[in-house]
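Please read the structure below before turning to the comments.
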Amino acid sequence: MTLYGLRGITHGWGRLMSVMSPSGARAVLAALDGGADVEVVARPGQPVQLHQLRDGALDALVAGHGIVELDQAAWTARKQALGKDAVL
């Protein structure tokens with residue numbers, strides 16, 4: 001399954017990554033388990049978010065799952081292309 005990610009920052013300056021897939025948001029939830037180092041945040045109408053709890057945890061998740069990181073413009077285009085499948 002292909003996973004696309006966009007890195008961001010929480011309101012408290014923590015690190016996060018939004019993730020989506022052509023397989024849908026529920027498939028993203030099923031595929032990703034952050035363990036103790038990443039909190040998975042799933043809200044209706046939004047892509048799945050991964051909040052880093054330990055430095056380096058997002059890097060490990062990206063490497064372990066082959067997440068394709070996008071810049072903002074590519075993320076927006078991909079999200080529009082996926083439509084409702086990009087969000088919960």
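Quick note on naming: the chains in the structure tokens go A, B, ... in the order shown, residues restart at 1 in each chain, and ligands are numbered from 1 in order of appearance.
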
(message) Need to verify the contact set: Leu88 (chain A), 10 Å, only C-alpha atoms, exclusion of same-chain residues closer than 5 positions in sequence. Can you return it as a list in words?
(response) Met20, Gly24, Ala25, Arg26, Val28, Leu29, Ala42, Arg43, Pro44, Gly45, Gln46, Pro47 and Val48 of chain A

Can you write just those residues out, C-alpha atoms, as a CSV table (one decimal), in the first residue's frame?
```csv
chain,number,residue,atom,x,y,z
A,20,MET,CA,-3.1,9.4,3.4
A,24,GLY,CA,-8.3,5.1,2.1
A,25,ALA,CA,-8.0,6.5,5.6
A,26,ARG,CA,-9.2,3.4,7.3
A,28,VAL,CA,-3.9,4.0,6.9
A,29,LEU,CA,-5.2,3.4,10.4
A,42,ALA,CA,-7.9,10.1,13.8
A,43,ARG,CA,-10.6,12.8,13.5
A,44,PRO,CA,-13.6,12.7,11.1
A,45,GLY,CA,-13.1,14.8,8.0
A,46,GLN,CA,-9.3,14.9,8.4
A,47,PRO,CA,-6.4,12.8,7.2
A,48,VAL,CA,-4.8,10.5,9.9
```

(message) For the strand (DSSP E or B) assignment from backbone DSSP, which residues of chain A qualify? Please present them as a ChimeraX atom specification.
(response) /A:4-9,15-20,38-41,48-52,68-69

Selected residues, C-alpha atoms, written as a tab-separated table (two decimals), in the first residue's frame, please.
```tsv
chain	number	residue	atom	x	y	z
A	4	TYR	CA	1.84	9.74	1.45
A	5	GLY	CA	2.95	12.01	4.27
A	6	LEU	CA	3.22	15.71	5.03
A	7	ARG	CA	5.25	16.85	8.03
A	8	GLY	CA	3.97	19.61	10.25
A	9	ILE	CA	4.14	21.10	13.72
A	15	ARG	CA	6.31	17.22	15.34
A	16	LEU	CA	3.51	15.54	13.41
A	17	MET	CA	2.85	13.92	10.07
A	18	SER	CA	-0.44	13.75	8.22
A	19	VAL	CA	-0.77	10.52	6.22
A	20	MET	CA	-3.12	9.42	3.42
A	38	VAL	CA	3.89	8.00	18.13
A	39	GLU	CA	0.30	8.92	18.95
A	40	VAL	CA	-2.16	8.18	16.15
A	41	VAL	CA	-4.84	10.88	15.92
A	48	VAL	CA	-4.81	10.50	9.86
A	49	GLN	CA	-2.16	12.33	11.92
A	50	LEU	CA	0.86	10.86	13.65
A	51	HIS	CA	2.15	12.91	16.59
A	52	GLN	CA	5.77	12.26	17.52
A	68	VAL	CA	6.44	9.02	0.46
A	69	GLU	CA	6.94	12.52	1.85
```

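Distance check against Leu61 (chain A) using only C-alpha atoms: of A:Leu3, A:Gly12, A:Ala74, A:Pro22, the minimum falls on A:Leu3.
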
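Nearest residue to Ala30 (chain A), choosing from A:Asp55, A:Met1, A:Ala60, A:Trp13 and counting only C-alpha atoms: A:Met1.
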
(message) Between CA of Ile67 (chain A) and CA of Thr2 (chain A), what distance in Å does the model show, to one decimal?
(response)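 Separation between CA of Ile67 (chain A) and CA of Thr2 (chain A): 7.2 Å.
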
(message) As an exercise, work out the distance from CA of Ser21 (chain A) to CA of Gly56 (chain A) in Å and give it to one decimal place.
(response)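 Those two atoms sit 22.5 Å apart.
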
(request) From a DSSP calculation on the backbone, collect every residue of region 18-60 of chain A in alpha helix (DSSP H) and output the set as JSON, numbers by chain. (result) {"A": [25, 26, 27, 28, 29, 30, 31, 57, 58, 59, 60]}
